[in-house]
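Visitor: First the structure, which I've put down as structure tokens, then a few questions once you've had a look.
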Amino acid sequence: MESFNAYLLASAIFAPVVAGLLLIAGRILPRNWVSGLAFVGFALPAAAVLWFLLPASGPLDALLRLRFTGPWLFQLGLNGLSAPLFAMTAAVGLAAGLKALIQDVEARSTYLGLILFMFGGTLAVFATDNILGFYFFHEFALIPTFILTLFWGGEGRRSAAMQMAIYLTVGAMLSLAGILIAMQVAGLGWGDATFAALFQGLFAADAPLPAATGALTLFGLGTLASLFPFHSWAAPGYSAAPTPVSMLHAGALKKFGLYGIVIVAAASMKIGQGALGQWFFWCALANLVVVGLICVAQRDLKQLLSWSSVAHMGPIFLGLWVGTAKGQAAGIDAALFLMVAHGLSCAALFLLANAVRTRAGTYRFEELGGLAARTPVLAAFFVAATMASIGLPGFGNFWGEVGVFLSLRAEPLWVQALVASTVVISAIYALRAVATVFFGPESKQVAERAAHAPFGDLGFTERLAAVVLLGASLTIGFCPSLVTRCTNADAQGIAQAAVRSSAPKAPAIPVQAPKAVAPAPSAR
Amino acid sequence: MSPDLSSLVHWILFLPLGAAALSALFLRRSGAVAAWFSTATAFAIAALSLRLLTQSTGDVTWHVELAKLGEISLGFGYLIDANARLMLFVVSFVAAWIHLFSVGYMQDDAARGRFFAGLSIFMFSILGIVVADNLLMTFIFWELVGFSSYMLIAHYFDKDFAAAASKKAFITNRLGDLGFILGIALCLHLYGTLDFAALKAHAGPAVPVAVGALLMCGFLGKSAQFPLHVWLTDAMAGPTPVSALIHAATMVAAGVYFMARVSFLLAPEVLQWMAISGAGMAALAGLCALAQTDIKKSLAYSTLAHLGIMGCALGLGHPELAVLHMAMHAFFKATLFLGAGSVIHGCHHEQDMLKMGGLLKKMPLTAATFIAATLSNCAVPFFAGWYSKDAILEAAWHGHHVAVFAFLALAALATCLYSGRMIRLVFLGEANSEAAEHAHESPWTMTLPISVLGLVFAVGAGFAAHYLIPASSLQVVHESLAEMRFSFTAPSTIVGLLALALGLGGALKFYGTVRGADALQVVSPRAYALLERRWMDGLYRWWIDGPQRRLAEFVAFLDLLLINGVAVRWIAGGATAALGHLTGRSFHRGQTRGYALWIVVGSLLLAWYLLAR
């Protein structure tokens, strides 16, 4: 069973990449082969995740200890923090793939192949212990993202793609610079730089970490996750990208930055302490409040979703902040939960917003209205996804938001009140969007469009994709322990390590953090 | 304590969720099936609640831990005490009859599947609030109630007013929930737990004012209390059974129930505020009901008034009286709304009272039940409403709260005035429109529920309390009823009877003087306009269109100007130009280079700053 599971995990990551390679290389493949091959690539990871969720696949501990040892960087395996993100990526990838399969685009097999590359790279990001691999797979997923946005994107795609490319590359480079300093202090080379080794190396190192290390890593990785004020790339980037790319990028790939902060920086770089902690706090709060207000001013559905996807990073950053500044493990648990849940809800919203666009021909609020009468199923799904994103109980986002909020309970009342005010602000802009697009009398544009090019309700494939995403969100909403039993122990360890005073070399605190410290059976 | 009773609660709670899922997923196109299926479920729940009432004597408790976030335990469990049993019975019983009523009322609606799925999800949510054993679980179902109310108000979503009303209800409720969640966080911070039982054990006699004040915000939103009352009258945009079930009988009462449940967390200052504002609200809303011509909106103001009375009872330190009034009010107000629904149905969807009239002869059964419930509403002695309302008046008198008593007396007068006006305009006199001329009695699915709720419960619930409300729940109210002296010389009774005679009699006479128009509007247009004007709505409207919108646009503009524009393009772009890299032709390229430079420069500056400290 052990080795079967390990191979299954590896093939879940390789399948999209191999399928992508075949699609890009073999452009002469017959059309139905293209779809079939791409579907296998998109669906296999989700199938593997489903299997891992079954009791028959063995206990959770064993799954987290699984290691697939291949050549070079391909030392693959999950940990408690990355397993939920991996599962979320599989769901988002499947939904994005289903959407991509029904799109009518030029150079279809290349398009699908690039999305599969992006998907495979994102999966691998969450399944590697090696820091070099972590960055390598990230770039591996990011480059197709730029290409896809540049060639298959919508309005304003050129400048958006360039802006995104530069922001994200620079962000990655800055964070890598920070990590390089840390590796030097810890005395690690590329070959042996795993997350666990970095943590333990820094823990044992005599020399203190240069103060800039944490800042470089935090703001570098923060740029990738659209931390205020390094967020300007995000909204135009998501808006211009093709829908499956927005889904994968905003939903899954963006979590690279957040996951990086948790696994590399949180425990060992003191990012929540001192002046840096203050900066972190204010930036996170600005994400929440300033970007929340920017959302209220939006007049275009996709722009709104893109901005709200930035705003929703606010609670995640605040959870990470309170975890690393105050040692509140609940903050880290809840931030992880919200990363997973936000990935699902945000992908669902991008998917459904595009369904609106393909039918009504526009994203602009002033031209939309009364769509629910013609497309009741689309409206129902859209309302559900909106409710998920504003934290209605039953969907996963609720646990994340409420958990971050409760973990801030010892902060001053004004902080709590500002954070809690987002439940109102997000309701204002999200429900306004629903009411404008779907409720009320039919708009002129929709009526004309329906007369000239009659459109139907949500098709089977789109429904399936939405069901995958919302179903996953409901599952963790009703069964939050699915996520928390993975993350609890590591979050506890990170929170403890983050607030441990650096001065005395304390006797080893039992830190289960960033990695299962015990050598895994199949590790090299 | 017995395990089979907690499994009974599982059934009560999850049956409606199953029904909702089934209706939403599979019965969307077969409305009739969904309607009867949902109604059967509602009656099954009512039967189960009745069984729970009659069989359980002590508290039923059950608890599991769903997950842990850090050291915070996310619990799910039941705490069924006497209050909860009474509330379960009232909610499920009233809801079952309203379901049956809806079968008739929604006969011709194309989206019956969605409607009944909404009713079922609402049942799930409200029952969750009733059984919850901790604050977080209460909050979860609290939010779900808000959601189901949103969906049901938006039933006629193609109408602008329904779309706006649903949004308004949800956002106003969230405004209250903001305070609620702050209160939950404060409780967790102070006492380290969210379980009601543990909180009760931990909370000493001196609870900080903030705890109660913040938790009260949830109540203000859900029970539509000042200053968050603005959504309730707009919520009448939903179908009438929804108004009856959610916005009169149960959801708005959930706030009262919750406050009663956490009454040990309310500091004296909070209680003081609730008593004064509740009584003031009762008087004001009662008077505002006089300036509405839409029968449902007039009833909505009446609900606001009664919620004020309940809030006042809580503030006076009598949570059990508040719960009792909640129960009695649920019976007679559900009857009134369903009766109004029957009238609206009979008059071919006419809601303007000035266009009705003379319906007593055309819809005798509806008229009889409506009038009976109205008398209960006016607190005619020995009708259901009299027992609870008089007890609250009496409590105010005994507590030496002069202002509260005065407001409540005014509220009693206002209640009789608008009730008399309603009966005069709708049922007496001559028909004032074509629609009223051709009005017809409603089918049995509609008249049976109003007969049961109206004639049996609205009239007799208090009188026959010992028989109709099973003994186990009466222990809540029995003592407080016993210690109140019911005599015709008690001040509350004298005030009540005076209000009744003056109000009801005066209104019946006054509103008969003018035909086809509102007598008050004719006599004193200024007073009418004063009552009709919605001051708080204007204030909110001003805030949303003015400061809020301008602030949002200003921040968006600043972001564009400062971060995206000045910082990225100008400073970074300018720096590049100064270095000689930027030519006019390649401005676009320079701009993107600018981004890169800005990030590098910014991060380096930040790093340098941190390093230097």
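Quick note on naming: the chains in the structure tokens go A, B, ... in the order shown, residues restart at 1 in each chain, and ligands are numbered from 1 in order of appearance.
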Give me, as a short mmCIF file (atom, residue, chain, number, x, y, z; two decimals) with C-alpha atoms, in the first residue's frame, the residues of chain A touching chain B, with the criterion being at most 6 Å (counting only C-alpha atoms).
Guide:
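Ended up saving to part_1.cif:
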```cif
data_model
loop_
_atom_site.label_atom_id
_atom_site.label_comp_id
_atom_site.auth_asym_id
_atom_site.auth_seq_id
_atom_site.Cartn_x
_atom_site.Cartn_y
_atom_site.Cartn_z
CA GLN A 163 3.29 43.80 -15.23
CA ILE A 166 7.82 41.52 -13.55
CA ALA A 211 17.47 41.46 10.12
CA ALA A 212 16.77 41.99 6.43
CA ALA A 215 11.81 41.36 5.41
CA LEU A 293 -13.10 49.67 -0.02
CA ILE A 294 -11.60 49.52 -3.48
CA VAL A 296 -16.93 48.68 -3.23
CA ALA A 297 -15.95 51.13 -5.96
CA ALA A 329 -1.70 28.59 16.62
CA ALA A 330 -5.35 29.21 15.79
CA ASP A 333 -4.67 26.94 11.38
CA PRO A 393 -21.48 28.99 7.42
CA LEU A 406 -11.25 34.57 17.06
CA ARG A 409 -9.45 38.13 20.31
CA ALA A 420 -14.94 42.33 11.65
CA VAL A 424 -20.22 43.95 6.27
CA ALA A 435 -28.45 41.94 -7.28
CA PHE A 439 -31.98 40.25 -9.93
CA GLY A 440 -34.26 43.05 -10.96
CA PRO A 441 -35.77 43.52 -14.40
CA PRO A 480 -13.68 21.07 9.10
CA SER A 481 -11.59 18.38 10.75
#
```
Visitor: Could you pull the residues within 9 Å of Pro376 of chain A, counting only C-alpha atoms, minus those fewer than 6 positions along the same chain, as a list in words?
Guide: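 What passes the distance filter is Phe438, Asp457 and Leu458 of chain A.
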Visitor: Could you write those residues out with C-alpha atoms, as a PDB file, in the first residue's frame?
Guide:
```pdb
ATOM      1  CA  PHE A 438     -29.074  38.509 -11.653  1.00  0.00           C
ATOM      2  CA  ASP A 457     -28.622  27.980 -18.814  1.00  0.00           C
ATOM      3  CA  LEU A 458     -25.409  26.541 -17.424  1.00  0.00           C
TER       4      LEU A 458
END
```
Visitor: Neighbouring residues of segment 412-421 of chain B were defined as those with any atom within 7 Å, considering only C-alpha atoms; residues of the same chain fewer than 4 positions away were excluded. Please report them as an mmCIF file with N, CA and C atoms, in the first residue's frame.
Guide:
```
data_model
loop_
_atom_site.group_PDB
_atom_site.id
_atom_site.type_symbol
_atom_site.label_atom_id
_atom_site.label_comp_id
_atom_site.auth_asym_id
_atom_site.auth_seq_id
_atom_site.Cartn_x
_atom_site.Cartn_y
_atom_site.Cartn_z
ATOM 1 N N ALA B 283 -43.796 52.044 21.310
ATOM 2 C CA ALA B 283 -44.735 53.156 21.146
ATOM 3 C C ALA B 283 -44.629 53.763 19.748
ATOM 4 N N GLY B 286 -45.776 51.455 16.887
ATOM 5 C CA GLY B 286 -47.229 51.342 16.903
ATOM 6 C C GLY B 286 -47.884 52.540 16.223
ATOM 7 N N LEU B 287 -47.357 53.739 16.494
ATOM 8 C CA LEU B 287 -47.923 54.935 15.868
ATOM 9 C C LEU B 287 -47.637 54.959 14.369
ATOM 10 N N ALA B 289 -47.485 52.509 12.432
ATOM 11 C CA ALA B 289 -48.386 51.585 11.733
ATOM 12 C C ALA B 289 -49.628 52.307 11.244
ATOM 13 N N LEU B 290 -49.952 53.442 11.882
ATOM 14 C CA LEU B 290 -51.147 54.191 11.482
ATOM 15 C C LEU B 290 -50.960 54.872 10.130
ATOM 16 N N THR B 374 -56.746 39.849 15.993
ATOM 17 C CA THR B 374 -56.571 41.272 16.282
ATOM 18 C C THR B 374 -56.898 41.573 17.735
ATOM 19 N N CYS B 378 -54.581 43.165 20.538
ATOM 20 C CA CYS B 378 -54.913 44.326 21.364
ATOM 21 C C CYS B 378 -54.921 43.993 22.841
ATOM 22 N N LEU B 408 -45.003 52.028 27.391
ATOM 23 C CA LEU B 408 -45.770 50.809 27.140
ATOM 24 C C LEU B 408 -47.260 51.109 27.085
ATOM 25 N N LEU B 425 -61.027 49.397 7.955
ATOM 26 C CA LEU B 425 -60.732 49.601 6.532
ATOM 27 C C LEU B 425 -60.916 48.333 5.709
ATOM 28 N N GLY B 496 -54.627 49.017 30.397
ATOM 29 C CA GLY B 496 -54.936 48.184 29.234
ATOM 30 C C GLY B 496 -56.378 48.352 28.799
ATOM 31 N N ALA B 499 -56.969 51.793 27.249
ATOM 32 C CA ALA B 499 -56.419 51.836 25.892
ATOM 33 C C ALA B 499 -57.344 51.116 24.934
ATOM 34 N N LEU B 500 -57.847 50.001 25.396
ATOM 35 C CA LEU B 500 -58.726 49.191 24.546
ATOM 36 C C LEU B 500 -59.977 49.972 24.169
ATOM 37 N N GLY B 503 -58.866 53.283 22.199
ATOM 38 C CA GLY B 503 -58.190 53.015 20.935
ATOM 39 C C GLY B 503 -59.088 52.304 19.944
ATOM 40 N N LEU B 504 -59.582 51.168 20.358
ATOM 41 C CA LEU B 504 -60.354 50.350 19.430
ATOM 42 C C LEU B 504 -61.645 51.072 19.032
ATOM 43 N N ALA B 507 -60.850 54.280 16.973
ATOM 44 C CA ALA B 507 -60.385 54.013 15.610
ATOM 45 C C ALA B 507 -61.537 53.543 14.741
ATOM 46 N N LEU B 508 -62.376 52.659 15.280
ATOM 47 C CA LEU B 508 -63.504 52.159 14.484
ATOM 48 C C LEU B 508 -64.394 53.315 14.053
ATOM 49 N N TYR B 511 -62.116 56.116 11.634
ATOM 50 C CA TYR B 511 -61.790 55.718 10.261
ATOM 51 C C TYR B 511 -63.018 55.406 9.419
#
```
Visitor: From the DSSP assignment of the backbone, select every residue of segment 140-269 of chain B that is alpha helix (DSSP H), and format the answer as number ranges by chain.
Guide: B: 140-153, 160-191, 196-202, 209-222, 230-234, 240-244, 251-261, 268-269
Visitor: Please report, as a list of chain:residue names, each residue of segment 43-109 of chain B to which DSSP assigns strand (DSSP E) when run on this structure's backbone.
Guide: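 In segment 43-109 of chain B, DSSP puts these residues in strand (DSSP E): B:Val60, B:Thr61, B:Trp62, B:His63, B:Val64, B:Glu65, B:Leu66, B:Ala67, B:Lys68, B:Leu69, B:Ile72, B:Ser73, B:Leu74, B:Gly75, B:Phe76, B:Gly77, B:Tyr78, B:Leu79, B:Ile80.
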Visitor: Residues within 8 Å of Leu351 of chain A, please, as a list in words. Count only C-alpha atoms; anything in the same chain fewer than 2 positions from it doesn't count.
Guide: Ala96, Lys99, Thr243, Pro244, Met247, Ala347, Ala348, Leu349, Ala353, Asn354, Ala355, Glu462 and Ala466 of chain A
Visitor: I'd like to know which of A:Leu116, A:Ile24, A:Leu288, A:Leu227 is closest to Gly257 of chain A, using only C-alpha atoms.
Guide: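 Checking each of A:Leu116, A:Ile24, A:Leu288, A:Leu227 against Gly257 of chain A, counting only C-alpha atoms, the winner is A:Leu227.
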Visitor: Choose the residue, out of B:Gly218, B:Ile309, B:Thr138, B:Arg261, that has the smallest atom-to-atom separation from Ala395 of chain B; count only C-alpha atoms.
Guide: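 Of B:Gly218, B:Ile309, B:Thr138, B:Arg261, the one nearest Ala395 of chain B, counting only C-alpha atoms, is B:Ile309.
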Visitor: Which residue gives the smallest distance to Thr145 of chain A among A:Val467, A:Ala160, A:Ala334, A:Val419, with only C-alpha atoms counted?
Guide: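 Closest to Thr145 of chain A, using only C-alpha atoms: A:Ala160.
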Visitor: Neighbouring residues of Ala284 of chain A were defined as those with any atom within 12 Å, considering only C-alpha atoms; residues of the same chain fewer than 4 positions away were excluded. Please report them as JSON, numbers by chain.
Guide: {"A": [218, 219, 222, 223, 225, 226, 227, 228, 229, 230, 231, 272, 277, 278, 279, 280, 288, 289, 290, 291, 292, 310, 311, 312, 313, 314, 315, 316, 317, 318, 319, 320, 321, 322, 415, 418, 419]}
Visitor: Using the selection just defined, write its residues with N, CA and C atoms as a compact mmCIF listing (two decimals), in the first residue's frame.
Guide:
```txt
# COMPACT_ATOMS: atom_id res chain seq x y z
N LEU A 218 9.58 37.91 3.52
CA LEU A 218 8.16 38.21 3.73
C LEU A 218 7.59 39.05 2.60
N PHE A 219 8.27 40.16 2.26
CA PHE A 219 7.67 41.03 1.25
C PHE A 219 7.82 40.45 -0.15
N GLY A 222 5.20 37.96 -0.12
CA GLY A 222 3.96 38.72 -0.01
C GLY A 222 3.54 39.30 -1.35
N THR A 223 4.51 39.76 -2.15
CA THR A 223 4.20 40.27 -3.49
C THR A 223 3.50 39.19 -4.31
N ALA A 225 1.64 36.93 -3.24
CA ALA A 225 0.29 36.70 -2.73
C ALA A 225 -0.47 38.02 -2.62
N SER A 226 -0.02 39.03 -3.35
CA SER A 226 -0.67 40.35 -3.40
C SER A 226 -0.87 40.99 -2.03
N LEU A 227 0.23 41.06 -1.28
CA LEU A 227 0.20 41.80 -0.02
C LEU A 227 0.25 43.29 -0.33
N PHE A 228 -0.63 44.07 0.32
CA PHE A 228 -0.58 45.51 0.16
C PHE A 228 0.78 46.02 0.62
N PRO A 229 1.46 46.95 -0.02
CA PRO A 229 1.10 47.67 -1.25
C PRO A 229 1.74 47.07 -2.52
N PHE A 230 2.00 45.79 -2.50
CA PHE A 230 2.60 45.15 -3.70
C PHE A 230 1.54 44.38 -4.47
N HIS A 231 0.31 44.90 -4.49
CA HIS A 231 -0.82 44.15 -5.03
C HIS A 231 -1.24 44.60 -6.42
N GLY A 272 6.99 37.91 12.66
CA GLY A 272 5.94 38.58 13.42
C GLY A 272 6.48 39.47 14.52
N GLY A 277 7.35 42.86 12.28
CA GLY A 277 6.01 42.42 12.66
C GLY A 277 5.00 43.55 12.54
N GLN A 278 5.42 44.77 12.95
CA GLN A 278 4.55 45.93 12.83
C GLN A 278 4.19 46.21 11.38
N TRP A 279 5.22 46.20 10.54
CA TRP A 279 4.98 46.42 9.11
C TRP A 279 4.03 45.38 8.55
N PHE A 280 4.28 44.14 8.89
CA PHE A 280 3.45 43.02 8.43
C PHE A 280 2.00 43.27 8.82
N LEU A 288 -6.97 44.23 3.97
CA LEU A 288 -8.34 43.96 4.36
C LEU A 288 -9.22 45.18 4.15
N VAL A 289 -8.78 46.31 4.66
CA VAL A 289 -9.65 47.48 4.73
C VAL A 289 -9.58 48.30 3.44
N VAL A 290 -8.36 48.65 3.02
CA VAL A 290 -8.22 49.50 1.85
C VAL A 290 -8.73 48.78 0.60
N VAL A 291 -8.27 47.55 0.42
CA VAL A 291 -8.69 46.84 -0.78
C VAL A 291 -10.18 46.51 -0.71
N GLY A 292 -10.68 46.28 0.51
CA GLY A 292 -12.11 46.07 0.66
C GLY A 292 -12.90 47.27 0.14
N VAL A 310 -7.99 39.84 -3.94
CA VAL A 310 -6.89 40.48 -3.21
C VAL A 310 -7.32 40.80 -1.78
N ALA A 311 -8.54 41.32 -1.65
CA ALA A 311 -9.02 41.70 -0.32
C ALA A 311 -9.08 40.49 0.61
N HIS A 312 -9.44 39.34 0.05
CA HIS A 312 -9.56 38.15 0.90
C HIS A 312 -8.21 37.62 1.38
N MET A 313 -7.13 38.14 0.82
CA MET A 313 -5.83 37.77 1.37
C MET A 313 -5.62 38.42 2.74
N GLY A 314 -6.34 39.50 3.00
CA GLY A 314 -6.18 40.23 4.25
C GLY A 314 -6.31 39.34 5.48
N PRO A 315 -7.44 38.63 5.63
CA PRO A 315 -7.57 37.77 6.80
C PRO A 315 -6.49 36.69 6.86
N ILE A 316 -6.07 36.19 5.70
CA ILE A 316 -5.04 35.15 5.72
C ILE A 316 -3.75 35.73 6.29
N PHE A 317 -3.37 36.91 5.79
CA PHE A 317 -2.14 37.54 6.30
C PHE A 317 -2.28 37.84 7.79
N LEU A 318 -3.47 38.30 8.19
CA LEU A 318 -3.64 38.62 9.62
C LEU A 318 -3.54 37.37 10.47
N GLY A 319 -4.08 36.27 9.97
CA GLY A 319 -3.96 35.00 10.70
C GLY A 319 -2.49 34.62 10.85
N LEU A 320 -1.74 34.76 9.76
CA LEU A 320 -0.31 34.43 9.83
C LEU A 320 0.40 35.40 10.78
N TRP A 321 -0.04 36.65 10.75
CA TRP A 321 0.60 37.63 11.63
C TRP A 321 0.37 37.27 13.09
N VAL A 322 -0.88 37.00 13.45
CA VAL A 322 -1.16 36.74 14.86
C VAL A 322 -0.52 35.42 15.29
N VAL A 415 -8.89 47.06 16.48
CA VAL A 415 -8.38 46.13 15.46
C VAL A 415 -9.46 45.10 15.13
N LEU A 418 -12.25 46.65 13.13
CA LEU A 418 -11.88 46.87 11.72
C LEU A 418 -11.93 45.55 10.95
N VAL A 419 -11.37 44.51 11.57
CA VAL A 419 -11.35 43.22 10.88
C VAL A 419 -12.76 42.71 10.69
```
Visitor: Quick one, how far is atom CA of His318 of chain B from atom CA of Thr54 of chain B?
Guide: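 Separation between atom CA of His318 of chain B and atom CA of Thr54 of chain B: 25.0 Å.
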